[in-house]
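**Student:** Please find upload03.cif (mmCIF, C-alpha atoms) on the next line:
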```cif
data_structure
#
loop_
_atom_site.label_atom_id
_atom_site.label_comp_id
_atom_site.auth_asym_id
_atom_site.auth_seq_id
_atom_site.Cartn_x
_atom_site.Cartn_y
_atom_site.Cartn_z
CA MET A 26 109.51 -38.69 9.38
CA LYS A 27 107.03 -36.12 8.20
CA LYS A 28 108.24 -33.78 5.52
CA ASN A 29 107.95 -30.12 6.35
CA HIS A 30 105.41 -28.49 4.04
CA LYS A 31 105.56 -24.91 5.16
CA LYS A 32 103.01 -22.67 3.47
CA LYS A 33 103.89 -19.21 2.29
CA LEU A 34 101.48 -16.40 1.61
CA PHE A 35 100.92 -15.63 -2.06
CA SER A 36 98.99 -12.90 -3.75
CA ALA A 37 97.53 -13.20 -7.24
CA LYS A 38 95.56 -11.12 -9.67
CA VAL A 39 93.18 -13.00 -11.93
CA PHE A 40 91.86 -11.24 -15.03
CA VAL A 41 88.75 -12.64 -16.68
CA ARG A 42 87.36 -11.29 -19.95
CA LEU A 43 85.05 -12.40 -22.72
CA LYS A 44 86.65 -14.26 -25.61
CA ASP A 45 87.03 -12.36 -28.85
CA GLY A 46 83.85 -12.59 -30.87
CA VAL A 47 81.56 -12.96 -27.86
CA LEU A 48 79.07 -10.08 -27.60
CA ASP A 49 79.72 -7.69 -24.74
CA PRO A 50 76.41 -5.87 -24.09
CA GLN A 51 77.77 -4.09 -21.01
CA GLY A 52 80.66 -2.72 -23.06
CA SER A 53 78.36 -1.56 -25.88
CA THR A 54 76.07 0.14 -23.37
CA ILE A 55 78.96 2.04 -21.78
CA LYS A 56 80.22 3.05 -25.21
CA ARG A 57 76.79 4.39 -26.20
CA ALA A 58 76.47 6.23 -22.88
CA LEU A 59 79.85 7.89 -23.42
CA LEU A 60 78.97 8.91 -26.99
CA ASP A 61 75.69 10.36 -25.67
CA MET A 62 77.67 12.29 -23.04
CA GLY A 63 79.70 13.89 -25.82
CA TYR A 64 82.86 11.76 -25.85
CA LYS A 65 83.11 11.31 -29.60
CA GLY A 66 86.41 9.51 -29.94
CA ILE A 67 85.44 6.22 -28.27
CA GLU A 68 85.92 3.29 -30.64
CA GLU A 69 85.30 0.24 -28.49
CA ILE A 70 84.91 -0.79 -24.85
CA LYS A 71 85.36 -4.30 -23.52
CA THR A 72 84.56 -5.19 -19.95
CA GLY A 73 86.18 -7.72 -17.70
CA LYS A 74 86.65 -8.74 -14.08
CA VAL A 75 89.65 -8.78 -11.75
CA PHE A 76 90.00 -10.91 -8.63
CA GLU A 77 92.75 -10.16 -6.12
CA ILE A 78 93.37 -13.34 -4.18
CA SER A 79 95.55 -13.90 -1.10
CA PHE A 80 96.24 -17.53 -0.33
CA GLY A 81 98.65 -19.87 1.35
CA SER A 82 100.60 -22.28 -0.83
CA GLU A 83 103.85 -24.22 -0.75
CA ASP A 84 105.44 -22.90 -3.92
CA ASN A 85 104.87 -21.09 -7.18
CA LYS A 86 104.11 -24.23 -9.15
CA LYS A 87 101.36 -25.39 -6.77
CA SER A 88 99.95 -21.86 -6.75
CA LYS A 89 99.61 -21.97 -10.54
CA VAL A 90 97.81 -25.32 -10.42
CA LEU A 91 95.49 -24.04 -7.69
CA LEU A 92 94.63 -20.83 -9.54
CA ASP A 93 94.07 -22.66 -12.79
CA GLU A 94 91.57 -24.95 -11.05
CA ILE A 95 89.80 -22.10 -9.30
CA CYS A 96 89.49 -20.17 -12.56
CA LYS A 97 88.08 -23.12 -14.45
CA LYS A 98 85.66 -24.17 -11.71
CA LEU A 99 84.43 -20.87 -10.36
CA LEU A 100 85.87 -17.58 -11.55
CA ALA A 101 85.55 -17.92 -15.30
CA ASN A 102 83.17 -19.61 -17.69
CA PRO A 103 85.62 -21.33 -20.09
CA VAL A 104 82.98 -21.51 -22.82
CA ILE A 105 82.79 -17.74 -23.34
CA GLU A 106 85.54 -16.30 -21.16
CA LYS A 107 89.32 -16.42 -21.05
CA TYR A 108 91.49 -15.76 -18.05
CA ARG A 109 95.08 -15.06 -17.11
CA PHE A 110 96.75 -14.51 -13.76
CA GLU A 111 99.85 -12.98 -12.18
CA ILE A 112 101.30 -14.46 -8.99
CA VAL A 113 103.34 -12.51 -6.47
CA SER A 114 105.01 -14.20 -3.51
CA LYS A 115 104.43 -12.14 -0.39
CA LYS A 116 107.12 -13.59 1.86
CA MET B 10 95.16 28.87 -40.85
CA LYS B 11 93.71 25.84 -39.15
CA LYS B 12 96.05 23.84 -37.00
CA ASN B 13 96.32 20.19 -37.80
CA HIS B 14 94.88 18.14 -34.92
CA LYS B 15 95.44 14.65 -36.14
CA LYS B 16 93.96 12.02 -33.88
CA LYS B 17 95.82 8.84 -33.09
CA LEU B 18 94.34 5.61 -31.86
CA PHE B 19 94.99 4.84 -28.21
CA SER B 20 94.20 1.83 -26.12
CA ALA B 21 93.75 1.93 -22.37
CA LYS B 22 93.01 -0.44 -19.54
CA VAL B 23 91.03 0.99 -16.66
CA PHE B 24 91.03 -0.92 -13.36
CA VAL B 25 88.28 -0.13 -10.87
CA ARG B 26 88.16 -1.65 -7.38
CA LEU B 27 86.55 -0.94 -4.04
CA LYS B 28 88.49 1.29 -1.66
CA ASP B 29 90.13 -0.40 1.30
CA GLY B 30 87.66 -0.77 4.12
CA VAL B 31 84.60 -0.97 1.88
CA LEU B 32 82.79 -4.28 2.26
CA ASP B 33 83.07 -6.59 -0.74
CA PRO B 34 80.16 -9.07 -0.48
CA GLN B 35 80.94 -10.62 -3.88
CA GLY B 36 84.50 -11.32 -2.76
CA SER B 37 83.36 -12.84 0.55
CA THR B 38 80.86 -15.04 -1.25
CA ILE B 39 83.51 -16.34 -3.66
CA LYS B 40 85.86 -16.98 -0.75
CA ARG B 41 83.21 -18.96 1.13
CA ALA B 42 82.35 -20.93 -2.00
CA LEU B 43 86.01 -21.85 -2.51
CA LEU B 44 86.39 -22.92 1.14
CA ASP B 45 83.23 -25.06 0.75
CA MET B 46 84.75 -26.59 -2.38
CA GLY B 47 87.78 -27.66 -0.34
CA TYR B 48 90.30 -24.95 -1.13
CA LYS B 49 91.48 -24.33 2.42
CA GLY B 50 94.31 -21.88 1.87
CA ILE B 51 92.26 -18.93 0.62
CA GLU B 52 92.77 -15.88 2.85
CA GLU B 53 90.97 -13.09 1.04
CA ILE B 54 89.38 -12.27 -2.30
CA LYS B 55 88.70 -8.79 -3.60
CA THR B 56 86.77 -8.19 -6.77
CA GLY B 57 87.14 -5.43 -9.31
CA LYS B 58 86.38 -4.45 -12.87
CA VAL B 59 88.51 -3.88 -15.97
CA PHE B 60 87.55 -1.83 -18.99
CA GLU B 61 89.57 -2.05 -22.20
CA ILE B 62 88.95 1.12 -24.13
CA SER B 63 90.01 2.04 -27.68
CA PHE B 64 89.70 5.70 -28.49
CA GLY B 65 91.01 8.44 -30.72
CA SER B 66 92.97 11.26 -29.10
CA GLU B 67 95.59 13.81 -30.02
CA ASP B 68 98.26 12.93 -27.47
CA ASN B 69 99.00 11.14 -24.22
CA LYS B 70 98.20 14.13 -22.03
CA LYS B 71 94.73 14.62 -23.51
CA SER B 72 94.12 10.88 -23.25
CA LYS B 73 94.82 11.03 -19.52
CA VAL B 74 92.41 13.94 -19.03
CA LEU B 75 89.74 12.13 -21.04
CA LEU B 76 90.11 8.86 -19.13
CA ASP B 77 90.12 10.64 -15.79
CA GLU B 78 86.83 12.33 -16.70
CA ILE B 79 85.25 9.11 -17.96
CA CYS B 80 86.27 7.27 -14.80
CA LYS B 81 84.86 9.92 -12.50
CA LYS B 82 81.63 10.38 -14.43
CA LEU B 83 80.77 6.86 -15.47
CA LEU B 84 83.12 3.95 -14.84
CA ALA B 85 83.80 4.33 -11.12
CA ASN B 86 81.90 5.58 -8.11
CA PRO B 87 84.53 7.83 -6.47
CA VAL B 88 82.79 7.55 -3.10
CA ILE B 89 83.53 3.86 -2.65
CA GLU B 90 85.78 2.93 -5.57
CA LYS B 91 89.26 3.83 -6.73
CA TYR B 92 90.63 3.53 -10.23
CA ARG B 93 93.85 3.55 -12.17
CA PHE B 94 94.60 3.25 -15.87
CA GLU B 95 97.37 2.33 -18.29
CA ILE B 96 97.52 3.98 -21.69
CA VAL B 97 99.14 2.44 -24.76
CA SER B 98 99.53 4.34 -28.01
CA LYS B 99 98.54 2.09 -30.89
CA LYS B 100 100.12 4.03 -33.77
#
```
Can the structure from this file be put into structure tokens for me?

**Tutor:**
Amino acid sequence: MKKNHKKKLFSAKVFVRLKDGVLDPQGSTIKRALLDMGYKGIEEIKTGKVFEISFGSEDNKKSKVLLDEICKKLLANPVIEKYRFEIVSKK
Amino acid sequence: MKKNHKKKLFSAKVFVRLKDGVLDPQGSTIKRALLDMGYKGIEEIKTGKVFEISFGSEDNKKSKVLLDEICKKLLANPVIEKYRFEIVSKK
């Protein structure tokens, strides 16, 4: 007899940012632009990416494995970037 | 007598994403890539940006005004993007 693998809809937010110590030219450029615009108090700006993903999965554990794979293979460059994610079950 | 305006260090995270209904070609491309790679359950991917900002400010209220200005003028395009931020006082 076939086991019932019913998929639920999950939603996740993946945050990807450069590792500490890796130069962030986009962040430095924004900081300089803000200083030029007269915002004197800016100390540092670091940039990153967010991905909001909706996907079907059987449970929370499998969702984590899936997201971890996706991050390593496509969304983040593990050499210079680090990532974290939050999973929310939709139903 | 001069009033003492001592600045404290604040840290904020600004999240910028496309408004609902605005096409997200980067998200669609990532979704298609993941489907091609064999991840069948992906329903939707939306992309966004995060900015981690350290800055000096007098209090929480002024920090909010500052961040709101920065977002409108530089970090987000209010026509197609929406933003939100979280402020953390560091000291």

**Student:** Kindly provide, as JSON, the centre and edge lengths (Å, one decimal) of an axis-aligned box around all atoms of stretch 30-41 of chain A given in the file, with 3 Å on each side.

**Tutor:**
```
{"center_x": 97.2, "center_y": -19.8, "center_z": -5.8, "size_x": 22.8, "size_y": 23.4, "size_z": 27.8}
```

**Student:** Please, which residues in chain B fall within 9 Å of chain A when counting all atoms listed in the file, and what is the closest atom pair and distance in Å to one decimal for each, ordered by chain then residue number, as CSV?

**Tutor:**
```
residue,atom,partner,partner_atom,distance
B:Lys16,CA,A:Gly66,CA,8.9
B:Leu18,CA,A:Glu68,CA,8.8
B:Phe24,CA,A:Val75,CA,8.1
B:Val25,CA,A:Val75,CA,8.8
B:Arg26,CA,A:Val75,CA,8.5
B:Gly36,CA,A:Phe76,CA,8.1
B:Ile39,CA,A:Leu99,CA,8.1
B:Ala42,CA,A:Leu99,CA,8.6
B:Leu43,CA,A:Ile95,CA,7.8
B:Tyr48,CA,A:Leu91,CA,8.4
B:Lys49,CA,A:Gly81,CA,8.5
B:Gly50,CA,A:Gly81,CA,4.8
B:Ile51,CA,A:Phe80,CA,4.3
B:Glu52,CA,A:Phe80,CA,5.0
B:Glu53,CA,A:Ser79,CA,5.1
B:Ile54,CA,A:Ile78,CA,4.5
B:Lys55,CA,A:Glu77,CA,5.0
B:Thr56,CA,A:Phe76,CA,4.6
B:Gly57,CA,A:Val75,CA,4.8
B:Lys58,CA,A:Lys74,CA,4.5
B:Val59,CA,A:Gly73,CA,4.8
B:Phe60,CA,A:Thr72,CA,4.6
B:Glu61,CA,A:Lys71,CA,5.0
B:Ile62,CA,A:Ile70,CA,4.5
B:Ser63,CA,A:Glu69,CA,5.1
B:Phe64,CA,A:Ile67,CA,4.3
B:Gly65,CA,A:Gly66,CA,4.8
B:Ser66,CA,A:Gly66,CA,6.8
B:Leu75,CA,A:Tyr64,CA,8.4
B:Ile79,CA,A:Leu59,CA,7.8
B:Leu83,CA,A:Leu59,CA,8.1
B:Leu84,CA,A:Ile55,CA,8.3
```

**Student:** How many Å lie between atom CA of A:Ser114 and atom CA of A:Ser88, rounded to one decimal?

**Tutor:**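 Rounded to one decimal, the two atoms are 9.7 Å apart.
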
**Student:** Between atom CA of B:Ala85 and atom CA of A:Val104, what distance in Å does the model show, to one decimal?

**Tutor:** 28.4 Å
